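*Asks:* Below you'll find work_17.tsv; it's TSV, C-alpha atoms.
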chain	number	residue	atom	x	y	z
Z	1494	MET	CA	-58.31	72.40	29.18
Z	1495	GLN	CA	-61.66	73.99	29.50
Z	1496	ILE	CA	-62.68	77.11	27.67
Z	1497	GLN	CA	-65.11	79.26	29.59
Z	1498	THR	CA	-68.10	80.03	27.42
Z	1499	THR	CA	-70.75	82.56	28.10
Z	1500	ALA	CA	-74.42	82.18	27.32
Z	1501	GLU	CA	-73.91	84.50	24.40
Z	1502	ASP	CA	-71.14	82.30	22.97
Z	1503	GLN	CA	-73.42	79.32	23.09
Z	1504	ARG	CA	-76.29	81.18	21.53
Z	1505	ILE	CA	-74.04	82.30	18.68
Z	1506	ALA	CA	-72.82	78.74	18.20
Z	1507	TRP	CA	-76.38	77.40	18.02
Z	1508	LEU	CA	-77.48	80.06	15.57
Z	1509	ALA	CA	-74.35	79.63	13.45
Z	1510	ALA	CA	-74.98	75.88	13.35
Z	1511	LEU	CA	-78.48	76.57	12.09
Z	1512	ALA	CA	-77.16	78.96	9.42
Z	1513	ILE	CA	-74.50	76.42	8.37
Z	1514	THR	CA	-77.14	73.72	8.01
Z	1515	ILE	CA	-79.23	75.91	5.72
Z	1516	HIS	CA	-76.08	76.95	3.82
Z	1517	ILE	CA	-75.16	73.32	3.16
Z	1518	LEU	CA	-78.69	72.24	2.25
Z	1519	GLU	CA	-78.84	75.11	-0.19
Z	1520	SER	CA	-75.53	74.20	-1.80
Z	1521	ALA	CA	-77.12	70.91	-2.89
Z	1522	PHE	CA	-79.45	72.76	-5.25
Z	1523	PRO	CA	-78.10	73.55	-8.70
Z	1524	SER	CA	-77.84	77.22	-9.59
Z	1525	PRO	CA	-79.29	78.55	-12.85
Z	1526	LEU	CA	-76.42	80.99	-13.20
Z	1527	PRO	CA	-73.06	81.19	-11.43
Z	1528	GLY	CA	-73.33	83.60	-8.54
Z	1529	ILE	CA	-77.08	83.36	-8.14
Z	1530	LYS	CA	-78.47	81.51	-5.18
Z	1531	PRO	CA	-81.27	82.29	-2.78
Z	1532	GLY	CA	-78.99	82.81	0.22
Z	1533	LEU	CA	-81.57	81.57	2.68
Z	1534	ALA	CA	-78.88	81.24	5.37
Z	1535	ASN	CA	-78.96	85.02	5.52
Z	1536	VAL	CA	-82.45	84.79	6.97
Z	1537	ILE	CA	-80.70	83.66	10.16
Z	1538	THR	CA	-78.28	86.59	10.01
Z	1539	ILE	CA	-81.17	89.04	9.74
Z	1540	VAL	CA	-83.16	87.40	12.55
Z	1541	VAL	CA	-80.06	87.47	14.77
Z	1542	LEU	CA	-79.47	91.11	13.88
Z	1543	ASP	CA	-83.04	91.93	14.77
Z	1544	GLN	CA	-83.01	90.07	18.08
Z	1545	PHE	CA	-79.45	90.11	19.39
Z	1546	GLY	CA	-77.74	92.98	17.59
Z	1547	TRP	CA	-75.05	93.48	15.03
Z	1548	ARG	CA	-72.18	91.81	16.90
Z	1549	SER	CA	-73.93	88.47	17.10
Z	1550	ALA	CA	-75.06	88.74	13.48
Z	1551	ALA	CA	-71.48	89.35	12.34
Z	1552	TRP	CA	-70.28	86.32	14.29
Z	1553	VAL	CA	-73.00	84.09	12.90
Z	1554	SER	CA	-72.37	85.26	9.35
Z	1555	LEU	CA	-68.59	84.80	9.44
Z	1556	LEU	CA	-68.79	81.47	11.26
Z	1557	ARG	CA	-71.22	80.26	8.63
Z	1558	VAL	CA	-68.84	81.16	5.81
Z	1559	LEU	CA	-65.85	79.59	7.57
Z	1560	CYS	CA	-67.47	76.37	8.80
Z	1561	GLY	CA	-69.64	76.03	5.72
Z	1562	SER	CA	-66.56	76.09	3.52
Z	1563	LEU	CA	-64.74	73.58	5.72
Z	1564	LEU	CA	-67.69	71.20	5.53
Z	1565	LEU	CA	-68.19	71.64	1.79
Z	1566	GLY	CA	-64.48	71.42	1.06
Z	1567	THR	CA	-64.22	74.85	-0.50
Z	1568	PHE	CA	-62.04	76.46	2.20
Z	1569	LEU	CA	-59.55	78.93	0.63
Z	1570	THR	CA	-60.83	78.22	-2.88
Z	1571	PRO	CA	-62.21	81.00	-5.11
Z	1572	THR	CA	-65.73	80.05	-3.97
Z	1573	PHE	CA	-64.71	80.67	-0.38
Z	1574	LEU	CA	-63.09	84.01	-1.23
Z	1575	LEU	CA	-66.24	85.13	-3.03
Z	1576	SER	CA	-68.42	83.98	-0.18
Z	1577	LEU	CA	-66.22	85.69	2.39
Z	1578	SER	CA	-66.02	88.97	0.50
Z	1579	GLY	CA	-69.79	88.98	0.14
Z	1580	ALA	CA	-70.30	88.28	3.84
Z	1581	VAL	CA	-67.80	90.96	4.91
Z	1582	CYS	CA	-69.48	93.52	2.67
Z	1583	SER	CA	-72.95	92.70	3.87
Z	1584	ILE	CA	-72.11	92.82	7.57
Z	1585	GLY	CA	-70.24	96.07	6.89
Z	1586	ILE	CA	-73.29	97.66	5.34
Z	1587	LEU	CA	-75.49	96.28	8.14
Z	1588	TRP	CA	-73.20	97.97	10.66
Z	1589	LEU	CA	-73.84	101.29	8.94
Z	1590	ALA	CA	-77.55	100.60	8.53
Z	1591	CYS	CA	-77.94	99.86	12.26
Z	1592	ARG	CA	-76.70	103.34	12.99
Z	1593	LEU	CA	-79.42	105.03	10.99
Z	1594	PRO	CA	-81.33	107.48	13.23
Z	1595	GLY	CA	-85.06	107.16	13.77
Z	1596	ARG	CA	-86.93	103.92	13.30
Z	1597	GLY	CA	-84.46	102.84	10.66
Z	1598	PHE	CA	-84.69	99.71	8.61
Z	1599	GLY	CA	-86.89	96.73	9.26
Z	1600	PRO	CA	-85.97	93.12	8.42
Z	1601	VAL	CA	-86.83	93.60	4.73
Z	1602	GLY	CA	-84.59	96.65	4.42
Z	1603	PHE	CA	-81.72	94.99	6.28
Z	1604	SER	CA	-82.02	91.86	4.20
Z	1605	LEU	CA	-82.19	93.76	0.92
Z	1606	LEU	CA	-79.19	95.91	1.85
Z	1607	ALA	CA	-77.22	92.83	2.89
Z	1608	ALA	CA	-78.09	90.97	-0.32
Z	1609	LEU	CA	-77.13	93.91	-2.52
Z	1610	ALA	CA	-73.87	94.49	-0.63
Z	1611	HIS	CA	-73.10	90.78	-0.76
Z	1612	MET	CA	-73.52	90.76	-4.51
Z	1613	VAL	CA	-71.53	93.95	-5.08
Z	1614	GLY	CA	-68.64	92.73	-2.91
Z	1615	GLN	CA	-68.60	89.30	-4.44
Z	1616	PHE	CA	-68.85	90.64	-7.97
Z	1617	THR	CA	-66.03	93.11	-7.41
Z	1618	ILE	CA	-63.75	90.38	-6.11
Z	1619	ALA	CA	-64.73	88.07	-8.99
Z	1620	TRP	CA	-63.89	90.80	-11.45
Z	1621	LEU	CA	-60.65	91.90	-9.81
Z	1622	LEU	CA	-59.23	88.45	-9.10
Z	1623	PHE	CA	-60.78	85.85	-11.34
Z	1624	ILE	CA	-62.39	87.18	-14.51
Z	1625	PRO	CA	-61.05	90.66	-15.29
Z	1626	HIS	CA	-62.95	90.84	-18.55
Z	1627	PRO	CA	-65.10	93.90	-19.29
Z	1628	ALA	CA	-67.92	91.68	-20.59
Z	1629	LEU	CA	-68.43	90.38	-17.04
Z	1630	TRP	CA	-70.15	93.65	-16.16
Z	1631	ARG	CA	-73.08	92.68	-18.34
Z	1632	LEU	CA	-73.95	90.14	-15.68
Z	1633	PHE	CA	-73.90	92.80	-12.99
Z	1634	PRO	CA	-77.48	94.10	-13.40
Z	1635	VAL	CA	-78.81	90.55	-13.71
Z	1636	LEU	CA	-77.09	89.52	-10.49
Z	1637	LEU	CA	-78.35	92.62	-8.69
Z	1638	THR	CA	-81.89	91.84	-9.84
Z	1639	ALA	CA	-81.52	88.40	-8.31
Z	1640	ALA	CA	-80.18	90.02	-5.13
Z	1641	LEU	CA	-83.19	92.34	-5.01
Z	1642	LEU	CA	-85.57	89.43	-5.41
Z	1643	PHE	CA	-83.94	87.00	-3.00
Z	1644	GLY	CA	-83.00	89.73	-0.52
Z	1645	THR	CA	-86.60	90.86	-0.28
Z	1646	VAL	CA	-87.96	87.32	0.06
Z	1647	SER	CA	-85.37	86.48	2.75
Z	1648	GLY	CA	-86.27	89.71	4.53
Z	1649	ILE	CA	-89.96	88.86	4.56
Z	1650	ILE	CA	-89.19	85.40	5.92
Z	1651	ALA	CA	-86.85	86.89	8.56
Z	1652	GLY	CA	-89.52	89.42	9.52
Z	1653	GLY	CA	-92.04	86.63	9.98
Z	1654	ILE	CA	-89.67	84.59	12.14
Z	1655	SER	CA	-88.74	87.61	14.28
Z	1656	LYS	CA	-92.37	88.45	14.87
Z	1657	ARG	CA	-93.18	84.92	15.94
Z	1658	GLN	CA	-90.11	84.82	18.18
Z	1659	ARG	CA	-91.33	87.91	19.97
Z	1660	GLN	CA	-94.76	86.39	20.50
Z	1661	CYS	CA	-93.15	83.29	22.02
Z	1662	ASN	CA	-90.73	85.12	24.34
Z	1663	PRO	CA	-92.06	88.62	24.85
H	759	MET	CA	-94.19	95.31	8.15
H	760	MET	CA	-91.96	97.61	6.11
H	761	THR	CA	-90.57	100.78	7.65
H	762	ARG	CA	-90.17	104.01	5.72
H	763	ALA	CA	-86.44	103.40	5.29
H	764	ASP	CA	-87.27	99.98	3.79
H	765	ARG	CA	-89.60	101.56	1.26
H	766	VAL	CA	-87.09	104.27	0.32
H	767	LEU	CA	-84.38	101.66	-0.15
H	768	MET	CA	-86.69	99.50	-2.25
H	769	ALA	CA	-87.64	102.48	-4.41
H	770	ILE	CA	-84.01	103.51	-4.93
H	771	THR	CA	-83.05	99.96	-5.88
H	772	LEU	CA	-85.97	99.63	-8.30
H	773	CYS	CA	-85.05	102.93	-9.94
H	774	THR	CA	-81.34	102.16	-10.16
H	775	LEU	CA	-81.66	98.70	-11.70
H	776	PRO	CA	-83.05	99.82	-15.09
H	777	LEU	CA	-80.26	102.41	-15.28
H	778	LEU	CA	-77.69	99.68	-14.65
H	779	TYR	CA	-79.21	97.53	-17.38
H	780	LEU	CA	-79.15	100.51	-19.71
H	781	HIS	CA	-75.57	101.35	-18.86
H	782	PHE	CA	-74.02	97.90	-18.99
H	783	TRP	CA	-76.06	96.48	-21.85
H	784	THR	CA	-75.83	99.33	-24.33
H	785	HIS	CA	-72.35	100.54	-23.55
H	786	GLN	CA	-69.79	98.85	-25.75
H	787	ASP	CA	-66.04	98.86	-25.60
H	788	THR	CA	-65.17	100.03	-29.09
H	789	ALA	CA	-62.31	98.32	-30.81
H	790	THR	CA	-59.38	100.30	-32.14
H	791	VAL	CA	-57.15	97.71	-33.79
H	792	LEU	CA	-57.24	94.19	-35.19
H	793	ARG	CA	-54.72	91.59	-34.16
H	794	ILE	CA	-53.96	88.86	-36.65
H	795	GLN	CA	-52.13	85.78	-35.43
H	796	THR	CA	-50.81	83.06	-37.69
H	797	ALA	CA	-48.86	79.90	-36.97
H	798	ALA	CA	-45.93	81.04	-39.08
H	799	GLU	CA	-45.12	84.38	-37.52
H	800	SER	CA	-45.80	86.48	-34.45
H	801	ALA	CA	-48.99	88.52	-34.25
H	802	THR	CA	-49.42	91.58	-36.40
H	803	ILE	CA	-51.58	94.53	-35.38
H	804	THR	CA	-53.46	96.38	-38.06
H	805	THR	CA	-55.78	99.39	-38.06
H	806	LEU	CA	-59.52	99.15	-38.73
H	807	THR	CA	-59.44	101.84	-41.42
H	808	PRO	CA	-59.67	101.98	-44.38
H	809	ASP	CA	-62.21	99.30	-45.36
H	810	ARG	CA	-60.33	96.54	-47.15
H	811	HIS	CA	-59.72	92.86	-47.64
H	812	VAL	CA	-56.61	91.29	-46.17
H	813	GLN	CA	-55.23	88.06	-47.61
H	814	ILE	CA	-53.39	85.81	-45.19
H	815	ALA	CA	-51.56	82.67	-46.14
H	816	GLY	CA	-51.86	79.64	-43.89
H	817	PRO	CA	-50.81	75.99	-44.11
H	818	ILE	CA	-53.84	74.97	-46.22
H	819	GLY	CA	-54.32	78.04	-48.34
H	820	GLU	CA	-55.24	81.68	-48.24
H	821	SER	CA	-57.86	83.17	-45.91
H	822	THR	CA	-59.48	86.50	-46.57
H	823	ILE	CA	-60.28	88.88	-43.73
H	824	GLU	CA	-62.74	91.65	-44.46
H	825	ILE	CA	-62.43	94.90	-42.52
H	826	ARG	CA	-65.36	97.28	-42.82
H	827	ALA	CA	-66.71	100.10	-40.66
H	828	GLY	CA	-64.57	99.24	-37.66
H	829	GLN	CA	-65.61	95.58	-37.81
H	830	ALA	CA	-63.80	92.51	-39.03
H	831	ARG	CA	-64.67	88.99	-40.15
H	832	PHE	CA	-63.39	85.95	-42.00
H	833	LEU	CA	-64.79	86.40	-45.51
H	834	ARG	CA	-63.31	83.25	-47.04
H	835	SER	CA	-61.15	80.46	-45.76
H	836	PRO	CA	-60.06	77.21	-47.37
H	837	CYS	CA	-61.05	75.11	-44.35
H	838	ALA	CA	-63.77	72.42	-44.38
H	839	GLY	CA	-65.95	73.48	-41.46
H	840	LYS	CA	-66.03	77.26	-42.09
H	841	VAL	CA	-66.45	77.84	-38.36
H	842	CYS	CA	-64.40	81.00	-38.77
H	843	VAL	CA	-66.65	82.38	-41.49
H	844	HIS	CA	-69.77	81.53	-39.54
H	845	SER	CA	-68.44	83.39	-36.51
H	846	GLY	CA	-69.59	86.47	-38.42
H	847	TRP	CA	-68.63	90.04	-37.76
H	848	LEU	CA	-66.46	90.91	-34.78
H	849	ARG	CA	-67.81	94.19	-33.44
H	850	GLU	CA	-66.49	94.77	-29.94
H	851	ALA	CA	-63.09	94.82	-28.38
H	852	GLY	CA	-62.15	91.40	-27.08
H	853	GLN	CA	-64.12	89.42	-29.69
H	854	LEU	CA	-62.17	86.72	-31.45
H	855	ALA	CA	-62.57	84.41	-34.43
H	856	ALA	CA	-60.23	81.64	-35.43
H	857	CYS	CA	-59.65	79.27	-38.32
H	858	LEU	CA	-57.91	76.35	-36.67
H	859	PRO	CA	-57.27	74.29	-39.85
H	860	ASN	CA	-55.53	77.28	-41.41
H	861	ARG	CA	-53.92	78.33	-38.11
H	862	ILE	CA	-55.15	81.90	-38.21
H	863	SER	CA	-56.94	83.87	-35.51
H	864	ILE	CA	-58.13	87.45	-35.48
H	865	GLN	CA	-59.14	89.50	-32.46
H	866	LEU	CA	-60.42	93.03	-32.05
H	867	LEU	CA	-58.57	94.95	-29.38
H	868	GLY	CA	-59.66	98.04	-27.50
H	869	ASN	CA	-57.62	100.59	-25.66
H	870	ARG	CA	-57.16	98.35	-22.68
H	871	PRO	CA	-56.23	94.82	-23.65
H	872	ARG	CA	-57.11	92.51	-20.80
H	873	TYR	CA	-57.07	88.85	-19.94
H	874	ASP	CA	-60.06	86.75	-20.91
H	875	ALA	CA	-60.00	84.84	-17.68
H	876	ILE	CA	-57.66	83.64	-15.01
H	877	ASN	CA	-57.98	80.13	-13.72
H	878	PHE	CA	-56.54	78.50	-10.64
Show me this structure written as structure tokens.
*Replies:*
Amino acid sequence: MQIQTTAEDQRIAWLAALAITIHILESAFPSPLPGIKPGLANVITIVVLDQFGWRSAAWVSLLRVLCGSLLLGTFLTPTFLLSLSGAVCSIGILWLACRLPGRGFGPVGFSLLAALAHMVGQFTIAWLLFIPHPALWRLFPVLLTAALLFGTVSGIIAGGISKRQRQCNP
Amino acid sequence: MMTRADRVLMAITLCTLPLLYLHFWTHQDTATVLRIQTAAESATITTLTPDRHVQIAGPIGESTIEIRAGQARFLRSPCAGKVCVHSGWLREAGQLAACLPNRISIQLLGNRPRYDAINF
């Protein structure tokens, strides 16, 4: 049986593979605090959003979460649920952000929004499902600060990559 | 590099974060009652007023719980390690201190008792 693939399918697969690679490399680094990690794989999501639109970005993001979890052995574990809820929230907010009139957001704005939404979604799920203790909320501002920091850095990196991409294939 | 929307978003985030810190780090869930659990009987719930000392008998002797100004602590306990006494004052709902040798634990409860954590 042969599945007909379009050029777009293949592009998404390549980009998702790249995002998965970064995701897995990153998971090798220890995290100072549960829930905080740089999320460099999201650089790919933002670049894809910038170059190929929201639909491709959503595909790449969800494929990364799914395949990343299968490769790391966390599929359907709490880690996976947190990762998935974060990804769903961030592509949701990106969908809205893409529809902003005018010049809208640049890579930094998109990345920051995605990071914040990712954290909020993930935190909410963690609180609702796994640790429904009021003290957990004390971590919330700390985690959002990390999201602000890493989201901005990822955005700057994504902006740089996008710019260079455009110079290569104008 | 950054568009106007980016800058506005950044500014909003930077302004909101301190507020979040303020809100979540100063706001405390005040306790309303104290739950005392011993090995011998089921847990008893007691109020946090008036200020008083409560004597509780355990397998190795009598522990004293001090209740003052809506807070509670182990004042004395006949155990060797005194971990319970060194836990100090319990101030917020959810906080817990226990004397394992004497099989007594105390916990402050708020209006909404919740689970500590759920594990899979």
*Asks:* Would you please work out which residue, of Z:Ala1509, Z:Leu1606, Z:Cys1560, Z:Leu1589, is nearest to chain H when using only C-alpha atoms?
*Replies:*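 Under the stated criterion, the closest residue is Z:Leu1606.
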*Asks:* Skip stretch 760-774 of chain H itself and residues of its chain fewer than 3 positions away, then list as a list in words all residues within 7 Å of it, counting all atoms listed in the file.
*Replies:*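 The contact residues come out as Gly1597, Phe1598, Gly1599, Val1601 and Gly1602 of chain Z; Leu777 and Leu778 of chain H.
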*Asks:* Write the residues of the preceding selection, restricted to C-alpha atoms, as an mmCIF file, in the coordinates of the input.
*Replies:*
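Wrote result-v3.cif, looks like this:
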data_model
loop_
_atom_site.group_PDB
_atom_site.id
_atom_site.type_symbol
_atom_site.label_atom_id
_atom_site.label_comp_id
_atom_site.auth_asym_id
_atom_site.auth_seq_id
_atom_site.Cartn_x
_atom_site.Cartn_y
_atom_site.Cartn_z
ATOM 1 C CA GLY Z 1597 -84.460 102.840 10.660
ATOM 2 C CA PHE Z 1598 -84.690 99.710 8.610
ATOM 3 C CA GLY Z 1599 -86.890 96.730 9.260
ATOM 4 C CA VAL Z 1601 -86.830 93.600 4.730
ATOM 5 C CA GLY Z 1602 -84.590 96.650 4.420
ATOM 6 C CA LEU H 777 -80.260 102.410 -15.280
ATOM 7 C CA LEU H 778 -77.690 99.680 -14.650
#
*Asks:* Between Z:Ser1647, Z:Pro1627, Z:Ile1517, Z:Leu1621, which one has atoms that come closest to H:Gly868, using all atoms listed in the file?
*Replies:* Z:Pro1627
*Asks:* Between atom CA of H:Thr788 and atom CA of H:Gly846, what distance in Å does the model show, to one decimal?
*Replies:*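 One can read the atom CA of H:Thr788 to atom CA of H:Gly846 distance as 17.0 Å.
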*Asks:* Need the shell around stretch 857-864 of chain H: protein/DNA/RNA residues with any atom at most 7 Å away, counting all atoms listed in the file. Skip same-chain ones fewer than 4 positions apart. Format as a list in words?
*Replies:*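 Surrounding residues, per the criterion: Leu792, Arg793, Ile794, Gln795, Thr796, Ala797, Gly816, Pro817, Ile818, Cys837, Val841 and Cys842 of chain H.
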*Asks:* Find the spatial neighbours of Z:Gly1585, counting all atoms listed in the file, within a cut-off of 10 Å - ignore same-chain residues fewer than 2 positions away - and output them as a PDB file with C-alpha atoms, in the frame of the given file.
*Replies:*
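To be explicit, this is the file written out as around-v1.pdb:
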ATOM      1  CA  TRP Z1547     -75.050  93.480  15.030  1.00  0.00           C
ATOM      2  CA  ALA Z1551     -71.480  89.350  12.340  1.00  0.00           C
ATOM      3  CA  GLY Z1579     -69.790  88.980   0.140  1.00  0.00           C
ATOM      4  CA  ALA Z1580     -70.300  88.280   3.840  1.00  0.00           C
ATOM      5  CA  VAL Z1581     -67.800  90.960   4.910  1.00  0.00           C
ATOM      6  CA  CYS Z1582     -69.480  93.520   2.670  1.00  0.00           C
ATOM      7  CA  SER Z1583     -72.950  92.700   3.870  1.00  0.00           C
ATOM      8  CA  LEU Z1587     -75.490  96.280   8.140  1.00  0.00           C
ATOM      9  CA  TRP Z1588     -73.200  97.970  10.660  1.00  0.00           C
ATOM     10  CA  LEU Z1589     -73.840 101.290   8.940  1.00  0.00           C
ATOM     11  CA  ALA Z1590     -77.550 100.600   8.530  1.00  0.00           C
ATOM     12  CA  ALA Z1607     -77.220  92.830   2.890  1.00  0.00           C
ATOM     13  CA  ALA Z1610     -73.870  94.490  -0.630  1.00  0.00           C
ATOM     14  CA  HIS Z1611     -73.100  90.780  -0.760  1.00  0.00           C
TER      15      HIS Z1611
END
*Asks:* One decimal, in Å: what's the spacing between atom CA of H:Ala830 and atom CA of H:Trp847?
*Replies:* 5.6 Å
*Asks:* Could you please tell me, as a PyMOL selection string, which residues of chain Z have an atom within 9 Å of chain H when using only C-alpha atoms?
*Replies:* chain Z and resi 1570-1571+1596-1603+1605-1606+1622-1628+1630-1635+1637-1638+1641+1645+1649+1652
*Asks:* Report, in Å to a single decimal, how far apart atom CA of H:Arg831 and atom CA of H:His844 are.
*Replies:*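 Going from atom CA of H:His844 over to atom CA of H:Arg831, I get 9.1 Å.
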*Asks:* Give me the residues near Z:Asn1535 as a list in words, where near means some atom within 9 Å (using all atoms listed in the file) and where sequence neighbours in that chain fewer than 3 positions away do not count.
*Replies:*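 Close residues of Z:Asn1535: Ala1512, His1516, Gly1532, Thr1538, Ile1539, Val1540, Ser1554, Ser1604, Ala1607, Ala1608, Gly1644, Ser1647, Gly1648 and Ala1651 of chain Z.
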*Asks:* Quick one: what's the axis-aligned box for stretch 1571-1581 of chain Z, all listed atoms, 3 Å on every side, centre and edges in Å to one decimal, as AutoDock Vina command-line options?
*Replies:*
--center_x -66.3 --center_y 85.5 --center_z -0.1 --size_x 14.1 --size_y 16.9 --size_z 16.0
